[in-house]
>>> print(open('my_file-v7.cif').read())   # mmCIF, C-alpha atoms and all ligand atoms
data_entry
loop_
_atom_site.label_atom_id
_atom_site.label_comp_id
_atom_site.auth_asym_id
_atom_site.auth_seq_id
_atom_site.Cartn_x
_atom_site.Cartn_y
_atom_site.Cartn_z
CA MET A 1 7.30 16.57 -21.21
CA LYS A 2 4.81 13.73 -20.90
CA ASN A 3 3.32 13.21 -17.46
CA ALA A 4 3.25 9.87 -15.64
CA THR A 5 -0.45 9.09 -15.39
CA ILE A 6 -2.36 6.19 -13.82
CA THR A 7 -4.31 4.51 -16.65
CA ALA A 8 -5.30 1.14 -15.14
CA LEU A 9 -5.66 -0.43 -11.70
CA GLY A 10 -5.89 -3.89 -10.19
CA GLY A 11 -6.33 -5.37 -6.75
CA TYR A 12 -6.13 -8.70 -5.01
CA VAL A 13 -6.99 -9.79 -1.48
CA PRO A 14 -7.02 -13.38 -0.23
CA THR A 15 -10.43 -14.91 0.40
CA SER A 16 -9.80 -15.92 4.05
CA VAL A 17 -11.15 -13.37 6.53
CA LEU A 18 -9.75 -12.91 10.03
CA SER A 19 -12.42 -11.12 12.07
CA ASN A 20 -12.04 -9.17 15.29
CA GLU A 21 -14.15 -11.85 16.94
CA ALA A 22 -11.67 -14.55 15.88
CA LEU A 23 -8.82 -12.46 17.35
CA THR A 24 -10.55 -12.37 20.74
CA LYS A 25 -10.01 -16.13 20.89
CA MET A 26 -6.29 -15.71 20.17
CA VAL A 27 -5.24 -12.80 22.41
CA ASP A 28 -6.58 -10.78 25.35
CA THR A 29 -8.61 -8.18 23.46
CA SER A 30 -12.21 -7.34 22.53
CA GLU A 31 -14.04 -6.61 19.28
CA GLU A 32 -15.02 -3.16 20.63
CA TRP A 33 -11.44 -2.26 21.58
CA ILE A 34 -10.05 -3.14 18.17
CA GLU A 35 -12.76 -1.36 16.19
CA LYS A 36 -12.80 1.74 18.41
CA ARG A 37 -9.00 2.13 18.68
CA THR A 38 -8.11 1.23 15.06
CA GLY A 39 -11.23 1.28 12.82
CA ILE A 40 -10.50 -2.29 11.70
CA LYS A 41 -13.33 -4.88 11.57
CA GLU A 42 -11.58 -7.62 9.65
CA ARG A 43 -8.49 -8.36 7.57
CA ARG A 44 -7.60 -10.91 4.87
CA ILE A 45 -5.07 -13.67 5.44
CA ALA A 46 -3.22 -15.48 2.64
CA GLU A 47 -3.05 -19.26 2.46
CA PHE A 48 0.13 -20.90 3.77
CA ASP A 49 1.38 -21.63 0.23
CA GLN A 50 0.43 -18.19 -1.10
CA SER A 51 3.43 -15.85 -0.89
CA THR A 52 3.81 -12.16 -1.72
CA SER A 53 4.54 -12.93 -5.39
CA HIS A 54 1.09 -14.57 -5.67
CA LEU A 55 -0.61 -11.57 -4.11
CA ALA A 56 1.23 -9.14 -6.42
CA ALA A 57 0.54 -11.34 -9.45
CA GLY A 58 -3.14 -11.47 -8.46
CA ALA A 59 -3.35 -7.66 -8.51
CA ILE A 60 -1.50 -7.37 -11.84
CA LYS A 61 -3.61 -10.09 -13.41
CA ASP A 62 -6.74 -8.25 -12.28
CA LEU A 63 -5.36 -5.10 -13.97
CA LEU A 64 -4.51 -6.96 -17.20
CA GLN A 65 -7.93 -8.64 -17.27
CA SER A 66 -9.85 -5.44 -16.59
CA TYR A 67 -8.24 -2.99 -19.02
CA ASP A 68 -7.22 -2.99 -22.65
CA VAL A 69 -3.49 -3.51 -22.12
CA HIS A 70 -1.43 -6.49 -23.25
CA PRO A 71 1.38 -7.98 -21.09
CA SER A 72 3.90 -7.43 -23.93
CA GLU A 73 3.43 -3.65 -23.62
CA ILE A 74 4.68 -3.53 -20.03
CA GLU A 75 8.30 -2.37 -19.78
CA GLY A 76 8.86 -2.71 -16.06
CA VAL A 77 7.46 -3.72 -12.67
CA ILE A 78 8.46 -2.05 -9.44
CA LEU A 79 7.29 -4.17 -6.53
CA ALA A 80 6.98 -2.36 -3.21
CA THR A 81 7.09 -4.95 -0.44
CA ALA A 82 8.40 -5.46 3.08
CA THR A 83 7.69 -9.20 2.92
CA PRO A 84 9.50 -10.52 -0.19
CA ASP A 85 9.19 -14.24 -0.99
CA SER A 86 12.79 -14.55 0.24
CA LEU A 87 15.69 -12.24 1.15
CA LEU A 88 17.44 -13.26 -2.06
CA ALA A 89 16.37 -13.50 -4.96
CA PRO A 90 14.13 -10.49 -5.53
CA THR A 91 10.40 -11.21 -5.84
CA ALA A 92 9.58 -8.97 -8.82
CA PRO A 93 11.08 -11.36 -11.43
CA THR A 94 8.77 -14.13 -10.14
CA VAL A 95 5.82 -11.73 -10.42
CA CYS A 96 6.80 -10.88 -14.03
CA GLN A 97 7.08 -14.58 -14.84
CA LEU A 98 3.70 -15.42 -13.25
CA CYS A 99 2.04 -12.67 -15.28
CA GLU A 100 3.92 -13.39 -18.54
CA LEU A 101 5.43 -9.90 -18.59
CA ASP A 102 8.22 -11.08 -20.87
CA ASN A 103 9.42 -7.60 -21.90
CA ALA A 104 9.55 -6.15 -18.40
CA PHE A 105 12.39 -5.55 -15.96
CA GLY A 106 11.42 -6.12 -12.34
CA PHE A 107 12.87 -5.10 -9.01
CA ASP A 108 11.79 -4.89 -5.37
CA LEU A 109 11.72 -1.76 -3.29
CA ASN A 110 11.34 -1.92 0.49
CA SER A 111 10.21 1.24 2.16
CA ALA A 112 7.66 -0.48 4.41
CA CYS A 113 4.31 1.31 4.59
CA SER A 114 5.65 4.16 2.41
CA GLY A 115 6.87 1.69 -0.22
CA PHE A 116 4.12 2.30 -2.75
CA LEU A 117 4.73 6.07 -2.74
CA TYR A 118 8.49 5.54 -3.09
CA ALA A 119 7.92 3.11 -6.01
CA LEU A 120 5.41 5.46 -7.64
CA THR A 121 7.98 8.25 -7.43
CA MET A 122 10.71 6.07 -8.99
CA ALA A 123 8.41 5.02 -11.83
CA THR A 124 7.28 8.62 -12.38
CA SER A 125 10.90 9.77 -12.75
CA MET A 126 11.68 6.92 -15.17
CA ILE A 127 8.71 7.90 -17.30
CA GLU A 128 9.38 11.64 -17.12
CA SER A 129 12.96 10.98 -18.27
CA GLY A 130 11.52 9.68 -21.54
CA ARG A 131 13.22 6.27 -21.26
CA TYR A 132 10.11 4.29 -20.33
CA LYS A 133 6.45 4.59 -21.29
CA LYS A 134 4.61 1.93 -19.31
CA ILE A 135 5.57 0.75 -15.83
CA ILE A 136 3.44 -1.22 -13.36
CA VAL A 137 3.83 -0.18 -9.74
CA VAL A 138 2.54 -2.86 -7.38
CA GLY A 139 2.39 -2.83 -3.58
CA ALA A 140 2.04 -6.27 -2.00
CA ASP A 141 2.55 -7.66 1.47
CA LYS A 142 1.89 -10.91 3.24
CA MET A 143 2.00 -9.35 6.71
CA SER A 144 0.68 -12.56 8.28
CA SER A 145 4.12 -14.07 7.56
CA ILE A 146 5.81 -11.70 10.07
CA VAL A 147 3.02 -11.14 12.62
CA ASP A 148 3.09 -12.83 16.03
CA TYR A 149 -0.50 -13.95 16.66
CA ASN A 150 0.26 -14.00 20.40
CA ASP A 151 1.08 -10.27 20.46
CA ARG A 152 -2.06 -8.17 20.82
CA ASN A 153 -0.12 -4.96 20.13
CA THR A 154 0.47 -5.95 16.50
CA CYS A 155 -1.70 -8.91 15.45
CA ILE A 156 -4.90 -6.87 15.39
CA LEU A 157 -3.50 -4.36 12.92
CA PHE A 158 -2.20 -6.15 9.86
CA GLY A 159 -3.61 -7.99 6.85
CA ASP A 160 -2.48 -9.38 3.49
CA GLY A 161 -3.19 -7.93 0.05
CA ALA A 162 -1.89 -6.27 -3.11
CA GLY A 163 -2.76 -3.35 -5.37
CA ALA A 164 -1.30 -2.36 -8.74
CA VAL A 165 -1.40 0.66 -11.03
CA LEU A 166 -0.21 1.10 -14.60
CA LEU A 167 1.73 4.33 -14.96
CA GLU A 168 1.96 5.64 -18.51
CA ALA A 169 3.56 8.55 -20.36
CA ILE A 170 0.59 10.68 -21.40
CA GLU A 171 0.50 14.19 -22.89
CA SER A 172 -2.55 15.72 -21.23
CA GLY A 173 -1.62 17.82 -18.21
CA ASN A 174 -2.99 15.09 -15.92
CA GLY A 175 -0.79 12.71 -13.92
CA VAL A 176 1.70 12.94 -11.06
CA LEU A 177 2.43 16.58 -10.22
CA ASN A 178 5.00 16.08 -7.48
CA SER A 179 6.17 13.83 -4.65
CA ILE A 180 8.10 14.52 -1.48
CA LEU A 181 9.80 11.60 0.26
CA ARG A 182 11.45 11.70 3.66
CA THR A 183 13.30 9.39 6.09
CA ASP A 184 14.53 9.45 9.68
CA GLY A 185 16.71 6.50 10.68
CA LYS A 186 16.31 7.37 14.37
CA GLY A 187 12.94 5.62 14.11
CA THR A 188 14.33 2.26 13.02
CA GLU A 189 14.14 0.56 16.41
CA SER A 190 10.54 1.69 16.98
CA LEU A 191 9.07 -0.42 14.18
CA LEU A 192 10.93 -3.38 12.74
CA VAL A 193 11.45 -7.10 12.30
CA PRO A 194 14.77 -7.37 14.17
CA GLY A 195 15.92 -10.80 13.00
CA GLY A 196 16.59 -12.62 9.75
CA GLY A 197 18.69 -9.89 8.12
CA SER A 198 22.45 -9.26 8.21
CA LYS A 199 22.33 -7.68 11.68
CA TYR A 200 20.75 -10.68 13.42
CA PRO A 201 20.90 -13.55 10.91
CA ALA A 202 18.34 -16.29 11.46
CA SER A 203 19.43 -18.73 14.17
CA ALA A 204 17.84 -21.00 16.74
CA GLU A 205 18.20 -18.13 19.24
CA SER A 206 16.59 -15.55 16.90
CA LEU A 207 13.63 -17.89 16.41
CA ILE A 208 13.22 -18.68 20.11
CA SER A 209 13.31 -14.98 21.03
CA GLY A 210 10.80 -14.14 18.28
CA LYS A 211 13.12 -11.76 16.39
CA HIS A 212 11.45 -12.81 13.13
CA TYR A 213 8.22 -11.06 14.17
CA ILE A 214 7.25 -7.42 13.73
CA LYS A 215 7.71 -5.27 16.85
CA GLN A 216 6.60 -1.72 17.38
CA ASP A 217 6.21 1.09 19.84
CA GLY A 218 2.59 1.73 18.84
CA SER A 219 1.96 5.02 20.58
CA LEU A 220 5.25 6.59 19.38
CA VAL A 221 4.57 5.44 15.81
CA PHE A 222 1.05 6.86 16.09
CA LYS A 223 2.28 10.35 17.08
CA LYS A 224 5.10 10.40 14.51
CA ALA A 225 2.72 9.26 11.74
CA VAL A 226 0.23 12.03 12.44
CA ALA A 227 2.90 14.77 12.55
CA ALA A 228 4.90 13.47 9.56
CA MET A 229 2.00 12.85 7.16
CA GLY A 230 0.51 16.22 8.02
CA SER A 231 3.72 18.14 7.49
CA VAL A 232 4.86 16.39 4.28
CA SER A 233 1.35 16.78 2.82
CA ARG A 234 1.40 20.52 3.53
CA ASP A 235 4.84 20.74 1.84
CA ALA A 236 3.56 18.84 -1.21
CA LEU A 237 0.54 21.14 -1.49
CA THR A 238 2.70 24.26 -1.14
CA ALA A 239 5.10 22.99 -3.83
CA ASN A 240 2.13 22.96 -6.24
CA ASP A 241 0.77 26.32 -5.05
CA PHE A 242 -2.23 24.36 -3.80
CA ASP A 243 -4.15 24.79 -0.60
CA SER A 244 -6.46 22.28 1.07
CA GLU A 245 -9.47 23.27 -1.06
CA ASP A 246 -7.62 22.27 -4.25
CA ILE A 247 -7.64 18.62 -3.13
CA ASP A 248 -10.66 16.55 -4.18
CA TRP A 249 -9.62 13.28 -2.54
CA VAL A 250 -7.09 12.16 0.06
CA ILE A 251 -5.84 8.57 -0.13
CA PRO A 252 -3.92 7.99 3.11
CA HIS A 253 -2.00 4.94 4.23
CA GLN A 254 -4.50 2.81 6.18
CA ALA A 255 -2.84 2.13 9.55
CA ASN A 256 -5.37 3.42 12.06
CA ILE A 257 -8.61 5.37 11.53
CA ARG A 258 -7.58 7.74 14.33
CA ILE A 259 -4.30 8.56 12.53
CA ILE A 260 -6.27 9.20 9.32
CA LYS A 261 -8.75 11.50 11.11
CA ALA A 262 -5.99 13.42 12.88
CA VAL A 263 -4.14 13.96 9.57
CA SER A 264 -7.27 15.17 7.76
CA ASP A 265 -8.05 17.53 10.68
CA SER A 266 -4.52 18.93 10.64
CA LEU A 267 -4.79 19.55 6.88
CA ASN A 268 -8.22 21.12 7.24
CA ILE A 269 -9.64 18.69 4.69
CA PRO A 270 -13.20 17.46 5.39
CA PHE A 271 -13.34 13.76 6.22
CA GLU A 272 -15.85 13.16 3.37
CA LYS A 273 -12.93 13.72 0.99
CA VAL A 274 -10.80 11.05 2.66
CA LYS A 275 -10.91 7.49 1.32
CA VAL A 276 -10.94 4.75 3.95
CA ASN A 277 -11.17 0.97 3.57
CA ILE A 278 -9.24 -0.01 6.69
CA GLU A 279 -12.35 -1.67 8.15
CA LYS A 280 -12.14 -4.42 5.48
CA TYR A 281 -8.41 -5.02 5.09
CA GLY A 282 -6.51 -3.58 8.09
CA ASN A 283 -2.98 -2.38 7.44
CA THR A 284 -1.65 -4.18 4.35
CA THR A 285 1.62 -2.12 4.47
CA SER A 286 2.81 -1.47 0.87
CA ALA A 287 -0.64 -2.35 -0.49
CA THR A 288 -2.90 0.09 1.39
CA ILE A 289 -2.74 3.03 -1.03
CA PRO A 290 -3.08 1.09 -4.32
CA LEU A 291 -5.87 -1.06 -2.78
CA CYS A 292 -7.65 2.14 -1.78
CA LEU A 293 -7.21 3.66 -5.27
CA TRP A 294 -8.55 0.44 -6.78
CA ASP A 295 -11.49 0.20 -4.35
CA PHE A 296 -12.64 3.78 -4.96
CA LYS A 297 -11.61 4.26 -8.62
CA GLU A 298 -15.21 4.88 -9.76
CA ASP A 299 -15.31 8.02 -7.58
CA PHE A 300 -12.32 9.73 -9.19
CA LYS A 301 -13.06 11.98 -12.19
CA GLU A 302 -10.69 13.35 -14.81
CA GLY A 303 -9.08 16.58 -13.62
CA GLN A 304 -9.62 15.95 -9.90
CA ASN A 305 -6.61 16.34 -7.61
CA LEU A 306 -5.61 13.50 -5.30
CA LEU A 307 -3.28 13.68 -2.31
CA LEU A 308 -1.59 10.37 -1.40
CA THR A 309 0.31 10.19 1.90
CA ALA A 310 1.98 7.44 3.91
CA PHE A 311 4.20 6.78 6.92
CA GLY A 312 6.03 3.62 7.92
CA ALA A 313 9.02 1.80 9.31
CA GLY A 314 12.42 3.41 8.89
CA PHE A 315 10.93 5.86 9.59
CA THR A 316 9.92 6.68 6.01
CA TRP A 317 7.10 8.91 4.85
CA GLY A 318 5.94 10.90 1.88
CA ALA A 319 3.21 12.63 -0.07
CA THR A 320 2.30 12.65 -3.75
CA VAL A 321 -0.08 15.03 -5.50
CA LEU A 322 -1.58 13.93 -8.81
CA THR A 323 -4.34 14.89 -11.19
CA TRP A 324 -6.59 11.99 -12.15
CA GLY A 325 -6.54 11.21 -15.87
CA VAL A 326 -8.44 8.97 -18.26
CA LEU A 327 -8.30 5.23 -17.61
CA ARG A 328 -7.71 2.80 -20.47
CA PRO A 329 -10.84 1.28 -21.97
CA SER A 330 -12.18 -1.89 -20.41
CA LYS A 331 -10.85 -5.18 -21.73
CA SER A 332 -11.76 -6.04 -25.30
CA HIS A 333 -9.45 -8.98 -25.97
CA ASN A 334 -9.02 -12.05 -23.83
CA TYR A 335 -5.70 -12.35 -22.07
CA GLN A 336 -5.56 -15.78 -20.44
CA GLY A 337 -2.45 -15.54 -18.28
CA ASN A 338 -1.51 -18.38 -15.99
CA CYS A 339 -0.97 -16.48 -12.74
CA VAL A 340 -3.23 -16.95 -9.71
CA GLU A 341 -6.93 -16.29 -9.96
CA ALA A 342 -7.89 -12.81 -8.77
CA THR A 343 -10.97 -13.76 -6.79
CA ILE A 344 -12.10 -10.82 -4.72
N1 LIG B 1 -6.62 -5.08 23.00
C1 LIG B 1 -6.85 -4.56 24.21
N2 LIG B 1 -6.00 -3.73 24.82
C2 LIG B 1 -4.85 -3.42 24.18
C3 LIG B 1 -4.54 -3.96 22.89
C4 LIG B 1 -5.49 -4.82 22.31
N3 LIG B 1 -5.29 -5.37 21.11
N4 LIG B 1 -3.34 -3.47 22.51
C5 LIG B 1 -2.91 -2.68 23.49
N5 LIG B 1 -3.80 -2.66 24.50
C6 LIG B 1 -3.74 -1.94 25.76
C7 LIG B 1 -2.35 -1.58 26.16
O1 LIG B 1 -1.70 -2.68 26.78
C8 LIG B 1 -2.57 -0.43 27.10
O2 LIG B 1 -2.94 -0.92 28.35
P1 LIG B 1 -2.38 -0.23 29.69
O3 LIG B 1 -2.93 1.17 29.65
O4 LIG B 1 -2.93 -1.09 30.74
O5 LIG B 1 -0.89 -0.27 29.57
C9 LIG B 1 -3.79 0.28 26.49
O6 LIG B 1 -4.42 -0.70 25.64
C10 LIG B 1 -3.42 1.50 25.68
O7 LIG B 1 -2.31 1.18 24.87
P2 LIG B 1 -1.74 2.15 23.78
O8 LIG B 1 -0.60 1.53 23.08
O9 LIG B 1 -1.56 3.52 24.38
O10 LIG B 1 -3.04 2.21 22.82
P3 LIG B 1 -3.24 3.10 21.58
O11 LIG B 1 -4.46 3.87 21.74
O12 LIG B 1 -1.98 3.84 21.21
O13 LIG B 1 -3.50 2.02 20.45
C11 LIG B 1 -2.32 1.04 18.62
C12 LIG B 1 -2.50 1.06 20.14
C13 LIG B 1 -1.22 0.03 18.30
C14 LIG B 1 -3.61 0.61 17.99
C15 LIG B 1 -1.92 2.45 18.14
O14 LIG B 1 -0.89 2.96 18.93
C16 LIG B 1 -1.50 2.50 16.71
O15 LIG B 1 -2.29 2.26 15.82
N6 LIG B 1 -0.24 2.88 16.46
C17 LIG B 1 0.27 3.00 15.12
C18 LIG B 1 0.69 1.66 14.66
C19 LIG B 1 0.96 1.60 13.20
O16 LIG B 1 0.31 2.21 12.44
N7 LIG B 1 1.94 0.79 12.83
C20 LIG B 1 2.20 0.44 11.49
C21 LIG B 1 3.10 1.31 10.73
S1 LIG B 1 2.40 2.71 10.07
#
>>> encode(input="my_file-v7.cif", output="structure tokens", more="lines below")
Ligand code: COA
Amino acid sequence: MKNATITALGGYVPTSVLSNEALTKMVDTSEEWIEKRTGIKERRIAEFDQSTSHLAAGAIKDLLQSYDVHPSEIEGVILATATPDSLLAPTAPTVCQLCELDNAFGFDLNSACSGFLYALTMATSMIESGRYKKIIVVGADKMSSIVDYNDRNTCILFGDGAGAVLLEAIESGNGVLNSILRTDGKGTESLLVPGGGSKYPASAESLISGKHYIKQDGSLVFKKAVAAMGSVSRDALTANDFDSEDIDWVIPHQANIRIIKAVSDSLNIPFEKVKVNIEKYGNTTSATIPLCLWDFKEDFKEGQNLLLTAFGAGFTWGATVLTWGVLRPSKSHNYQGNCVEATI
């Protein structure tokens, strides 16, 4: 059986920076509080007319421009997002169109902050089945579209961005080894956008009461995230007959530096092996893990084992263990697609 292996990566973040200092002028908070309690120094914010499809297309275009892969080779795009362009139609077809992926199917998958791991697992299974050879998994969220910038409990945490990986069928022993995904619907009310769906359709009342904004019970989510990411990661390691020393790098969901530290402590994995870029981007929901893979790709060497773990609304959580493979060669021909510029 051929393994599903990451062979190319791309990333996109908007150019506008929202600093902690700027947030102190919007809500009752301080730069020190935000940095100390979350690890975040700044986050990127998309332009008003830049929706999630633009962010996702930016990441895919960066991938297509950086590596020797032509759009016609791509068979499918799975877009993990909690902030689609609209409730209906799905956003992935727009992304395919923006990137001229004319041979690709495209669908959206919403599993909030765990979305990228869920999408990666779907794509892995499709490739392992032998039916598909090249699928792009992209995580993209415009969190600024659902954040209330009067609510200091949430507005300090989130940012906008997108990251993409090309998953390919490769015979080498590298690639995704296993994934464990979990859910607990009892957590739904603790982290959600209550309005705008079928339960509370958009109305004048839903707007006035702010139901279209993200709400969360921060300290409960914090505790659940630490326990859940730790336990599912241990299960994923055990399923591979691995222990902590077999892991070269941990790529955790970037929600709070204190959550990340607590998870690495509970796994007995030294913090030097844990990749963190939360200080630059904040929590970009479905995009944190692929943005982190993209940011640190130069550090990963063939044969090294990576542990990816995430927790988010639902609750949903999961862990994936993979062995890093060989990336495609850098771009040799000039693809001039017409999707948004990937200016980083
Ligand atoms: N600035 C200053 N003070 C703030 C604040 C802010 N931005 N946000 C909350 N506070 C205050 C609270 O009102 C509270 O004050 P009180 O003691 O007078 O009531 C105090 O700080 C402590 O609040 P608490 O919620 O216990 O802080 P915390 O240490 O748990 O940090 C979060 C809050 C939101 C940063 C933290 O809980 C968190 O990161 N949770 C996980 C959220 C998450 O990851 N969600 C996304 C999905 S994965």
>>> closest_residue(input="my_file-v7.cif", among="A:Arg37, A:Lys2, A:Lys297, A:Lys199", to="Trp324 in chain A", atoms="all atoms listed in the file")
A:Lys297
>>> residues_near_ligand(input="my_file-v7.cif", ligand="ligand LIG 1 (chain B)", cutoff="7 Å", atoms="all atoms listed in the file", output="PyMOL selection string")
chain A and resi 28-30+33-34+37-38+113+152-154+156+216+218-219+221-222+225+255-256+311-313
>>> residues_near_point(input="my_file-v7.cif", point="(1.7, -6.5, -3.0)", cutoff="8 Å", atoms="only C-alpha atoms", output="ChimeraX atom specification")
/A:52-53,55-56,59,79-81,138-142,161-164,286-287
>>> atom_distance(input="my_file-v7.cif", atom1="CA of Trp249 in chain A", atom2="CA of Ile269 in chain A")
9.0 Å
>>> residues_around(input="my_file-v7.cif", residues="Asn103 in chain A", least_positions_apart="3", cutoff="8 Å", atoms="all atoms listed in the file", output="count of residues only")
5
>>> residues_around(input="my_file-v7.cif", residues="Val326 in chain A", least_positions_apart="6", cutoff="10 Å", atoms="only C-alpha atoms", output="compact mmCIF listing (two decimals) with C-alpha atoms, in the coordinates of the input")
# COMPACT_ATOMS: atom_id res chain seq x y z
CA THR A 5 -0.45 9.09 -15.39
CA ILE A 6 -2.36 6.19 -13.82
CA THR A 7 -4.31 4.51 -16.65
CA ALA A 8 -5.30 1.14 -15.14
CA ILE A 170 0.59 10.68 -21.40
CA SER A 172 -2.55 15.72 -21.23
CA ASN A 174 -2.99 15.09 -15.92
CA GLY A 175 -0.79 12.71 -13.92
CA PHE A 300 -12.32 9.73 -9.19
CA LYS A 301 -13.06 11.98 -12.19
CA GLU A 302 -10.69 13.35 -14.81
CA GLY A 303 -9.08 16.58 -13.62
>>> atom_distance(input="my_file-v7.cif", atom1="CA of Val13 in chain A", atom2="CA of Leu63 in chain A")
13.4 Å
>>> atom_distance(input="my_file-v7.cif", atom1="CA of Arg43 in chain A", atom2="CA of Gly159 in chain A")
4.9 Å
>>> residues_around(input="my_file-v7.cif", residues="Lys331 in chain A", least_positions_apart="5", cutoff="10 Å", atoms="all atoms listed in the file", output="VMD selection string")
chain A and resid 63 to 70
>>> residues_around(input="my_file-v7.cif", residues="Phe296 in chain A", least_positions_apart="2", cutoff="10 Å", atoms="only C-alpha atoms", output="list in words")
Ile251, Lys275, Val276, Asn277, Pro290, Leu291, Cys292, Leu293, Trp294, Glu298, Asp299 and Phe300 of chain A
>>> residues_around(input="my_file-v7.cif", residues="Asp246 in chain A", least_positions_apart="2", cutoff="10 Å", atoms="all atoms listed in the file", output="count of residues only")
13
>>> closest_residue(input="my_file-v7.cif", among="A:Val250, A:Ser16, A:Val176, A:Gln97", to="Ala310 in chain A", atoms="all atoms listed in the file")
A:Val250
>>> closest_residue(input="my_file-v7.cif", among="A:Cys96, A:Lys41, A:Ser233, A:Met143", to="Ile278 in chain A", atoms="only C-alpha atoms")
A:Lys41
>>> closest_residue(input="my_file-v7.cif", among="A:Met1, A:Ser144, A:Phe116, A:Ile259", to="Phe158 in chain A", atoms="only C-alpha atoms")
A:Ser144
>>> closest_atom_pairs(input="my_file-v7.cif", of="range 105-140 of chain A", to="range 179-190 of chain A", cutoff="12 Å", atoms="all atoms listed in the file", output="JSON lines")
{"residue": "A:Ser111", "atom": "CA", "partner": "A:Thr183", "partner_atom": "CA", "distance": 9.6}
{"residue": "A:Ala112", "atom": "CA", "partner": "A:Thr188", "partner_atom": "CA", "distance": 11.2}
{"residue": "A:Ser114", "atom": "CA", "partner": "A:Leu181", "partner_atom": "CA", "distance": 8.8}
{"residue": "A:Gly115", "atom": "CA", "partner": "A:Leu181", "partner_atom": "CA", "distance": 10.3}
{"residue": "A:Phe116", "atom": "CA", "partner": "A:Leu181", "partner_atom": "CA", "distance": 11.3}
{"residue": "A:Leu117", "atom": "CA", "partner": "A:Leu181", "partner_atom": "CA", "distance": 8.1}
{"residue": "A:Tyr118", "atom": "CA", "partner": "A:Leu181", "partner_atom": "CA", "distance": 7.0}
{"residue": "A:Ala119", "atom": "CA", "partner": "A:Leu181", "partner_atom": "CA", "distance": 10.7}
{"residue": "A:Leu120", "atom": "CA", "partner": "A:Ser179", "partner_atom": "CA", "distance": 8.9}
{"residue": "A:Thr121", "atom": "CA", "partner": "A:Ser179", "partner_atom": "CA", "distance": 6.5}
{"residue": "A:Met122", "atom": "CA", "partner": "A:Ser179", "partner_atom": "CA", "distance": 10.0}
{"residue": "A:Ala123", "atom": "CA", "partner": "A:Ser179", "partner_atom": "CA", "distance": 11.6}
{"residue": "A:Thr124", "atom": "CA", "partner": "A:Ser179", "partner_atom": "CA", "distance": 9.4}
{"residue": "A:Ser125", "atom": "CA", "partner": "A:Ser179", "partner_atom": "CA", "distance": 10.2}
>>> closest_residue(input="my_file-v7.cif", among="A:Leu220, A:Lys134, A:Leu9, A:Lys280", to="Pro329 in chain A", atoms="all atoms listed in the file")
A:Leu9
>>> closest_residue(input="my_file-v7.cif", among="A:Ile289, A:Leu192, A:Leu308, A:Leu88", to="Leu177 in chain A", atoms="all atoms listed in the file")
A:Leu308
